[in-house]
$ cat work_12.pdb   # PDB, C-alpha atoms
ATOM      1  CA  MET E   1      16.049  21.165  75.088
ATOM      2  CA  THR E   2      12.407  21.777  74.344
ATOM      3  CA  CYS E   3       9.905  21.024  77.087
ATOM      4  CA  ARG E   4       6.270  20.998  75.986
ATOM      5  CA  LEU E   5       3.690  21.533  78.706
ATOM      6  CA  SER E   6      -0.007  20.746  78.860
ATOM      7  CA  GLN E   7      -2.116  23.737  79.923
ATOM      8  CA  LYS E   8      -2.923  22.117  83.262
ATOM      9  CA  PHE E   9       0.719  21.438  84.023
ATOM     10  CA  ALA E  10       1.904  24.856  82.775
ATOM     11  CA  THR E  11      -0.505  26.491  85.230
ATOM     12  CA  LYS E  12       0.853  24.400  88.121
ATOM     13  CA  ILE E  13       4.465  25.442  87.514
ATOM     14  CA  HIS E  14       3.593  29.036  86.565
ATOM     15  CA  GLU E  15       4.778  28.854  82.959
ATOM     16  CA  LYS E  16       2.768  30.244  80.071
ATOM     17  CA  PRO E  17       4.167  29.058  76.724
ATOM     18  CA  THR E  18       2.409  30.996  73.974
ATOM     19  CA  LYS E  19       3.401  29.013  70.893
ATOM     20  CA  SER E  20       4.276  25.527  69.756
ATOM     21  CA  LEU E  21       7.905  25.236  68.724
ATOM     22  CA  PRO E  22       8.905  22.824  65.943
ATOM     23  CA  LEU E  23      10.398  19.475  66.941
ATOM     24  CA  ASP E  24      13.931  19.966  68.268
ATOM     25  CA  GLU E  25      16.750  19.098  65.826
ATOM     26  CA  ASN E  26      17.833  16.500  68.358
ATOM     27  CA  PRO E  27      14.724  14.340  68.878
ATOM     28  CA  TYR E  28      16.153  13.222  72.252
ATOM     29  CA  ALA E  29      15.984  16.845  73.411
ATOM     30  CA  ASP E  30      12.233  17.249  72.953
ATOM     31  CA  TRP E  31      10.012  16.185  75.857
ATOM     32  CA  SER E  32       6.344  16.731  76.719
ATOM     33  CA  GLY E  33       4.921  16.937  80.247
ATOM     34  CA  HIS E  34       1.404  16.463  81.536
ATOM     35  CA  LEU E  35      -0.091  16.512  85.040
ATOM     36  CA  PHE E  36      -2.707  13.949  86.075
ATOM     37  CA  THR E  37      -4.283  12.504  89.203
ATOM     38  CA  ALA E  38      -4.646   8.825  90.103
ATOM     39  CA  ASP E  39      -6.159   7.666  93.365
ATOM     40  CA  ARG E  40      -6.047  11.256  94.743
ATOM     41  CA  THR E  41      -2.304  11.598  94.091
ATOM     42  CA  GLN E  42      -0.775  13.954  91.518
ATOM     43  CA  TYR E  43       1.663  12.557  88.971
ATOM     44  CA  VAL E  44       3.576  14.010  86.048
ATOM     45  CA  ILE E  45       4.219  12.029  82.895
ATOM     46  CA  VAL E  46       7.230  13.205  80.905
ATOM     47  CA  THR E  47       7.292  11.798  77.385
ATOM     48  CA  ASN E  48       9.870  12.033  74.644
ATOM     49  CA  THR E  49       7.902  13.761  71.907
ATOM     50  CA  ALA E  50       9.377  11.750  69.008
ATOM     51  CA  SER E  51       9.376   8.235  70.493
ATOM     52  CA  LEU E  52       6.726   8.488  73.264
ATOM     53  CA  TYR E  53       9.263   6.997  75.709
ATOM     54  CA  SER E  54       8.028   8.059  79.146
ATOM     55  CA  ALA E  55       8.934   8.515  82.778
ATOM     56  CA  LEU E  56       6.545   9.151  85.679
ATOM     57  CA  LEU E  57       7.133  11.162  88.811
ATOM     58  CA  PHE E  58       5.104  12.370  91.745
ATOM     59  CA  GLY E  59       3.623  15.835  91.194
ATOM     60  CA  ARG E  60       3.602  16.777  94.844
ATOM     61  CA  GLY E  61       6.127  19.493  95.654
ATOM     62  CA  ILE E  62       6.592  20.602  92.062
ATOM     63  CA  THR E  63       5.603  24.255  92.154
ATOM     64  CA  ASP E  64       7.933  25.880  89.626
ATOM     65  CA  ASP E  65       9.937  25.133  86.502
ATOM     66  CA  ASN E  66      13.225  24.582  88.375
ATOM     67  CA  GLN E  67      11.773  21.896  90.641
ATOM     68  CA  PHE E  68      10.082  20.248  87.680
ATOM     69  CA  LEU E  69      13.199  20.210  85.506
ATOM     70  CA  ARG E  70      15.462  18.925  88.265
ATOM     71  CA  ARG E  71      13.113  16.076  89.204
ATOM     72  CA  ALA E  72      12.095  15.253  85.629
ATOM     73  CA  LEU E  73      15.678  15.056  84.374
ATOM     74  CA  ASP E  74      16.701  12.867  87.326
ATOM     75  CA  THR E  75      13.735  10.559  86.734
ATOM     76  CA  ILE E  76      14.361  10.318  82.985
ATOM     77  CA  ARG E  77      17.995   9.397  83.695
ATOM     78  CA  GLU E  78      17.028   6.757  86.268
ATOM     79  CA  VAL E  79      14.417   5.152  84.011
ATOM     80  CA  MET E  80      16.714   5.124  80.981
ATOM     81  CA  ASP E  81      19.671   3.775  82.973
ATOM     82  CA  ASP E  82      17.604   0.956  84.485
ATOM     83  CA  ASP E  83      16.146   0.213  81.052
ATOM     84  CA  GLY E  84      19.615  -0.376  79.597
ATOM     85  CA  LEU E  85      19.569   2.911  77.699
ATOM     86  CA  GLU E  86      22.282   4.732  79.655
ATOM     87  CA  PHE E  87      24.383   5.244  76.509
ATOM     88  CA  ILE E  88      21.512   7.035  74.778
ATOM     89  CA  HIS E  89      20.963   9.198  77.845
ATOM     90  CA  ARG E  90      24.633  10.133  78.232
ATOM     91  CA  ARG E  91      25.209  10.696  74.508
ATOM     92  CA  PHE E  92      22.002  12.416  73.378
ATOM     93  CA  VAL E  93      19.748  13.507  76.275
ATOM     94  CA  ALA E  94      22.083  14.831  78.983
ATOM     95  CA  PRO E  95      24.099  17.183  76.735
ATOM     96  CA  SER E  96      20.882  18.927  75.647
ATOM     97  CA  THR E  97      19.728  19.918  79.135
ATOM     98  CA  GLY E  98      21.823  23.082  79.508
ATOM     99  CA  MET E  99      19.236  25.423  78.034
ATOM    100  CA  VAL E 100      15.513  24.660  78.210
ATOM    101  CA  GLN E 101      12.736  26.403  76.313
ATOM    102  CA  PHE E 102       9.084  25.814  77.123
ATOM    103  CA  SER E 103       6.519  25.240  74.420
ATOM    104  CA  MET E 104       2.926  24.241  73.876
ATOM    105  CA  ALA E 105       2.160  20.702  72.637
ATOM    106  CA  LEU E 106       3.541  19.703  69.240
ATOM    107  CA  ASN E 107       0.388  18.123  67.822
ATOM    108  CA  ARG E 108      -2.724  16.142  68.665
ATOM    109  CA  SER E 109      -1.093  12.823  67.888
ATOM    110  CA  VAL E 110       1.396  13.269  70.734
ATOM    111  CA  THR E 111      -1.272  14.667  73.069
ATOM    112  CA  GLY E 112      -3.647  11.797  72.266
ATOM    113  CA  SER E 113      -0.935   9.185  72.784
ATOM    114  CA  MET E 114      -0.012  10.750  76.106
ATOM    115  CA  ASN E 115      -3.684  10.679  77.149
ATOM    116  CA  ASP E 116      -3.789   6.952  76.294
ATOM    117  CA  MET E 117      -0.692   6.366  78.405
ATOM    118  CA  VAL E 118      -2.190   8.392  81.280
ATOM    119  CA  GLN E 119      -5.291   6.164  81.261
ATOM    120  CA  CYS E 120      -3.100   3.051  81.439
ATOM    121  CA  ALA E 121      -0.933   4.659  84.115
ATOM    122  CA  LYS E 122      -3.980   5.486  86.252
ATOM    123  CA  PHE E 123      -5.049   1.849  86.182
ATOM    124  CA  LEU E 124      -1.552   0.548  86.953
ATOM    125  CA  LEU E 125      -1.038   3.048  89.777
ATOM    126  CA  ALA E 126      -4.449   2.703  91.443
ATOM    127  CA  GLU E 127      -5.574  -0.851  90.703
ATOM    128  CA  GLU E 128      -2.292  -2.723  90.310
ATOM    129  CA  GLU E 129      -0.584  -0.542  92.952
ATOM    130  CA  LEU E 130       2.634  -0.246  90.961
ATOM    131  CA  SER E 131       5.158   2.502  91.651
ATOM    132  CA  PRO E 132       5.536   5.335  89.126
ATOM    133  CA  PHE E 133       8.945   3.878  88.248
ATOM    134  CA  ASP E 134       7.444   0.450  87.439
ATOM    135  CA  VAL E 135       4.560   2.022  85.523
ATOM    136  CA  ALA E 136       7.052   3.789  83.251
ATOM    137  CA  PHE E 137       8.517   0.430  82.206
ATOM    138  CA  LYS E 138       5.053  -0.954  81.444
ATOM    139  CA  LEU E 139       4.157   2.114  79.357
ATOM    140  CA  ASN E 140       7.419   1.910  77.414
ATOM    141  CA  GLU E 141       6.604  -1.685  76.418
ATOM    142  CA  MET E 142       3.120  -0.802  75.132
ATOM    143  CA  PRO E 143       2.788  -0.727  71.312
ATOM    144  CA  MET E 144       1.381   2.619  70.177
ATOM    145  CA  SER E 145      -0.632   3.305  67.033
ATOM    146  CA  ALA E 146       1.155   6.657  66.581
ATOM    147  CA  LEU E 147       4.392   4.631  66.288
ATOM    148  CA  LYS E 148       2.911   2.102  63.831
ATOM    149  CA  TYR E 149       2.512  -0.339  66.729
ATOM    150  CA  VAL E 150       6.136  -0.234  67.816
ATOM    151  CA  ASP E 151       6.659   0.268  71.534
ATOM    152  CA  PRO E 152       8.238   3.519  72.805
ATOM    153  CA  ARG E 153      11.392   1.773  73.997
ATOM    154  CA  GLU E 154      12.135   0.439  70.511
ATOM    155  CA  ALA E 155      11.187   3.778  68.952
ATOM    156  CA  LEU E 156      13.703   5.530  71.229
ATOM    157  CA  LYS E 157      16.428   3.092  70.184
ATOM    158  CA  TYR E 158      15.577   3.731  66.522
ATOM    159  CA  LEU E 159      16.092   7.474  67.101
ATOM    160  CA  GLU E 160      19.659   6.589  68.147
ATOM    161  CA  ILE E 161      20.307   4.934  64.795
ATOM    162  CA  GLU E 162      18.962   8.019  62.994
ATOM    163  CA  GLN E 163      21.198  10.299  65.101
ATOM    164  CA  VAL E 164      24.304   8.189  64.537
ATOM    165  CA  ILE E 165      23.910   7.887  60.754
ATOM    166  CA  GLY E 166      22.804  11.510  60.473
ATOM    167  CA  HIS E 167      19.293  11.174  58.999
TER
END
$ encode --input "work_12.pdb" --output "C-alpha cells"
Amino acid sequence: MTCRLSQKFATKIHEKPTKSLPLDENPYADWSGHLFTADRTQYVIVTNTASLYSALLFGRGITDDNQFLRRALDTIREVMDDDGLEFIHRRFVAPSTGMVQFSMALNRSVTGSMNDMVQCAKFLLAEEELSPFDVAFKLNEMPMSALKYVDPREALKYLEIEQVIGH
C-alpha cells in the first residue's frame, strides 16, 4: 500500500517522505492523506489517489504513523462498508494493507482535487454540523472535474471493473 502525505500531515506524524512514488499497481492500494482544520478541530482526509473516494477522521490523537494507519484503515473500511462497497474493500483494499510505504503527493491534480474536497468538508463540518462520517458520503457523491465529472464513488466502482478484467 502506498500512502501519500501532504507536508503538513507528514510533519504531524513525524514522517518525511522524500520522493513521489508512481501510482501503485493496485489502484485500491494508493491513498493520499491531508490534515486540515475546521471550526478549530483537526481532521484528516484520506483519499484514494485514483478515484478520489474519501474518508474523514478526527486528527486529534494522531501523533505517529501507526496511530494514523490504524484509524485511517478502520475509517476507510467503515465508510466503504456503509456505502455498499464492502466487496471492493475486502477484495482489493484490505489485502494491500500488510506493508505500507509513505510517499509525497502523486501530482497537482490529486492535490487540487483534495483541496476542493477540504473546502467543501469545512463548510459541511462547521456550517451544516455534519459528522466526519456523513461528510465523507457527501464528498463521494460530488462530481469532480479531475474525474471528467464522475463522482468518486462511481470512479471507485469503475476501478473494480478494471481490476477484474485486468486492464
$ residues_around --input "work_12.pdb" --residues "Tyr28 of chain E" --least-positions-apart "5" --cutoff "7 Å" --atoms "all atoms listed in the file" --output "number ranges by chain"
E: 48, 92-93
$ closest_residue --input "work_12.pdb" --among "E:Ile88, E:Met144, E:Ile13, E:Ile76" --to "Lys157 of chain E" --atoms "only C-alpha atoms"
E:Ile88
$ closest_residue --input "work_12.pdb" --among "E:Val46, E:Asp151, E:Asp65, E:Val135" --to "His14 of chain E" --atoms "only C-alpha atoms"
E:Asp65
$ closest_residue --input "work_12.pdb" --among "E:Ser103, E:Gln42, E:Ser54, E:Gln67" --to "Met1 of chain E" --atoms "all atoms listed in the file"
E:Ser103
$ residues_near_point --input "work_12.pdb" --point "(-1.5, 7.2, 92.9)" --cutoff "6 Å" --atoms "all atoms listed in the file" --output "list in words"
Ala38, Asp39, Thr41, Leu125 and Ala126 of chain E
$ atom_distance --input "work_12.pdb" --atom1 "atom CA of Ala146 of chain E" --atom2 "atom CA of Ser113 of chain E"
7.0 Å
$ resolve_selection --input "work_12.pdb" --expression "the PyMOL selection byres ((chain E and resi 59) around 12)" --output "VMD selection string"
chain E and resid 9 12 to 13 33 to 38 40 to 46 56 to 58 60 to 64 67 to 69 71 to 72 132
$ atom_distance --input "work_12.pdb" --atom1 "atom CA of Glu25 of chain E" --atom2 "atom CA of Leu73 of chain E"
19.0 Å
$ closest_residue --input "work_12.pdb" --among "E:Leu85, E:Ala55, E:Lys19, E:Met104" --to "Phe137 of chain E" --atoms "all atoms listed in the file"
E:Ala55
$ closest_residue --input "work_12.pdb" --among "E:Asp81, E:Asp24, E:Asp30, E:Glu15" --to "Phe133 of chain E" --atoms "all atoms listed in the file"
E:Asp81
$ closest_residue --input "work_12.pdb" --among "E:Asp74, E:Glu129, E:Asp134, E:Glu141" --to "Leu156 of chain E" --atoms "only C-alpha atoms"
E:Glu141
$ atom_distance --input "work_12.pdb" --atom1 "atom CA of Pro27 of chain E" --atom2 "atom CA of Pro152 of chain E"
13.2 Å
$ axis_aligned_box --input "work_12.pdb" --around "segment 38-49 of chain E" --padding-each-side "6 Å" --output "JSON"
{"center_x": 1.9, "center_y": 10.8, "center_z": 83.3, "size_x": 28.0, "size_y": 18.3, "size_z": 34.8}
$ residues_near_point --input "work_12.pdb" --point "(-2.0, 15.3, 73.4)" --cutoff "12 Å" --atoms "only C-alpha atoms" --output "PyMOL selection string"
chain E and resi 4-7+32-35+45+47+49+52+104-118+146
$ decode --input "work_12.pdb" --residues "segment 83-96 of chain E" --atoms "N, CA, C and O atoms" --output "PDB file, in the first residue's frame"
ATOM      1  N   ASP E  83     -21.265   2.235   2.576  1.00  0.00           N
ATOM      2  CA  ASP E  83     -21.575   2.743   1.243  1.00  0.00           C
ATOM      3  C   ASP E  83     -21.879   1.602   0.266  1.00  0.00           C
ATOM      4  O   ASP E  83     -22.019   1.825  -0.932  1.00  0.00           O
ATOM      5  N   GLY E  84     -21.973   0.383   0.781  1.00  0.00           N
ATOM      6  CA  GLY E  84     -22.281  -0.761  -0.067  1.00  0.00           C
ATOM      7  C   GLY E  84     -21.093  -1.253  -0.877  1.00  0.00           C
ATOM      8  O   GLY E  84     -21.268  -1.978  -1.860  1.00  0.00           O
ATOM      9  N   LEU E  85     -19.895  -0.896  -0.457  1.00  0.00           N
ATOM     10  CA  LEU E  85     -18.692  -1.251  -1.200  1.00  0.00           C
ATOM     11  C   LEU E  85     -17.805  -2.233  -0.418  1.00  0.00           C
ATOM     12  O   LEU E  85     -16.601  -2.266  -0.594  1.00  0.00           O
ATOM     13  N   GLU E  86     -18.442  -3.036   0.447  1.00  0.00           N
ATOM     14  CA  GLU E  86     -17.677  -3.952   1.285  1.00  0.00           C
ATOM     15  C   GLU E  86     -16.917  -4.993   0.453  1.00  0.00           C
ATOM     16  O   GLU E  86     -15.811  -5.399   0.816  1.00  0.00           O
ATOM     17  N   PHE E  87     -17.487  -5.417  -0.676  1.00  0.00           N
ATOM     18  CA  PHE E  87     -16.789  -6.380  -1.523  1.00  0.00           C
ATOM     19  C   PHE E  87     -15.477  -5.787  -2.041  1.00  0.00           C
ATOM     20  O   PHE E  87     -14.438  -6.444  -2.016  1.00  0.00           O
ATOM     21  N   ILE E  88     -15.538  -4.557  -2.509  1.00  0.00           N
ATOM     22  CA  ILE E  88     -14.329  -3.896  -3.013  1.00  0.00           C
ATOM     23  C   ILE E  88     -13.301  -3.792  -1.893  1.00  0.00           C
ATOM     24  O   ILE E  88     -12.111  -4.036  -2.105  1.00  0.00           O
ATOM     25  N   HIS E  89     -13.741  -3.425  -0.707  1.00  0.00           N
ATOM     26  CA  HIS E  89     -12.802  -3.302   0.408  1.00  0.00           C
ATOM     27  C   HIS E  89     -12.153  -4.646   0.728  1.00  0.00           C
ATOM     28  O   HIS E  89     -10.929  -4.750   0.839  1.00  0.00           O
ATOM     29  N   ARG E  90     -12.971  -5.675   0.882  1.00  0.00           N
ATOM     30  CA  ARG E  90     -12.439  -6.999   1.238  1.00  0.00           C
ATOM     31  C   ARG E  90     -11.539  -7.565   0.148  1.00  0.00           C
ATOM     32  O   ARG E  90     -10.519  -8.181   0.430  1.00  0.00           O
ATOM     33  N   ARG E  91     -11.908  -7.360  -1.098  1.00  0.00           N
ATOM     34  CA  ARG E  91     -11.190  -7.979  -2.226  1.00  0.00           C
ATOM     35  C   ARG E  91      -9.932  -7.220  -2.633  1.00  0.00           C
ATOM     36  O   ARG E  91      -8.934  -7.835  -2.996  1.00  0.00           O
ATOM     37  N   PHE E  92      -9.965  -5.877  -2.596  1.00  0.00           N
ATOM     38  CA  PHE E  92      -8.880  -5.098  -3.168  1.00  0.00           C
ATOM     39  C   PHE E  92      -8.119  -4.200  -2.194  1.00  0.00           C
ATOM     40  O   PHE E  92      -6.927  -3.984  -2.365  1.00  0.00           O
ATOM     41  N   VAL E  93      -8.810  -3.647  -1.181  1.00  0.00           N
ATOM     42  CA  VAL E  93      -8.142  -2.716  -0.264  1.00  0.00           C
ATOM     43  C   VAL E  93      -7.475  -3.469   0.884  1.00  0.00           C
ATOM     44  O   VAL E  93      -6.265  -3.329   1.100  1.00  0.00           O
ATOM     45  N   ALA E  94      -8.239  -4.251   1.624  1.00  0.00           N
ATOM     46  CA  ALA E  94      -7.717  -4.917   2.821  1.00  0.00           C
ATOM     47  C   ALA E  94      -6.468  -5.762   2.561  1.00  0.00           C
ATOM     48  O   ALA E  94      -5.511  -5.689   3.342  1.00  0.00           O
ATOM     49  N   PRO E  95      -6.424  -6.559   1.488  1.00  0.00           N
ATOM     50  CA  PRO E  95      -5.222  -7.379   1.281  1.00  0.00           C
ATOM     51  C   PRO E  95      -3.944  -6.566   1.053  1.00  0.00           C
ATOM     52  O   PRO E  95      -2.851  -7.093   1.219  1.00  0.00           O
ATOM     53  N   SER E  96      -4.075  -5.305   0.700  1.00  0.00           N
ATOM     54  CA  SER E  96      -2.897  -4.487   0.385  1.00  0.00           C
ATOM     55  C   SER E  96      -2.314  -3.769   1.597  1.00  0.00           C
ATOM     56  O   SER E  96      -1.312  -3.072   1.472  1.00  0.00           O
TER      57      SER E  96
END
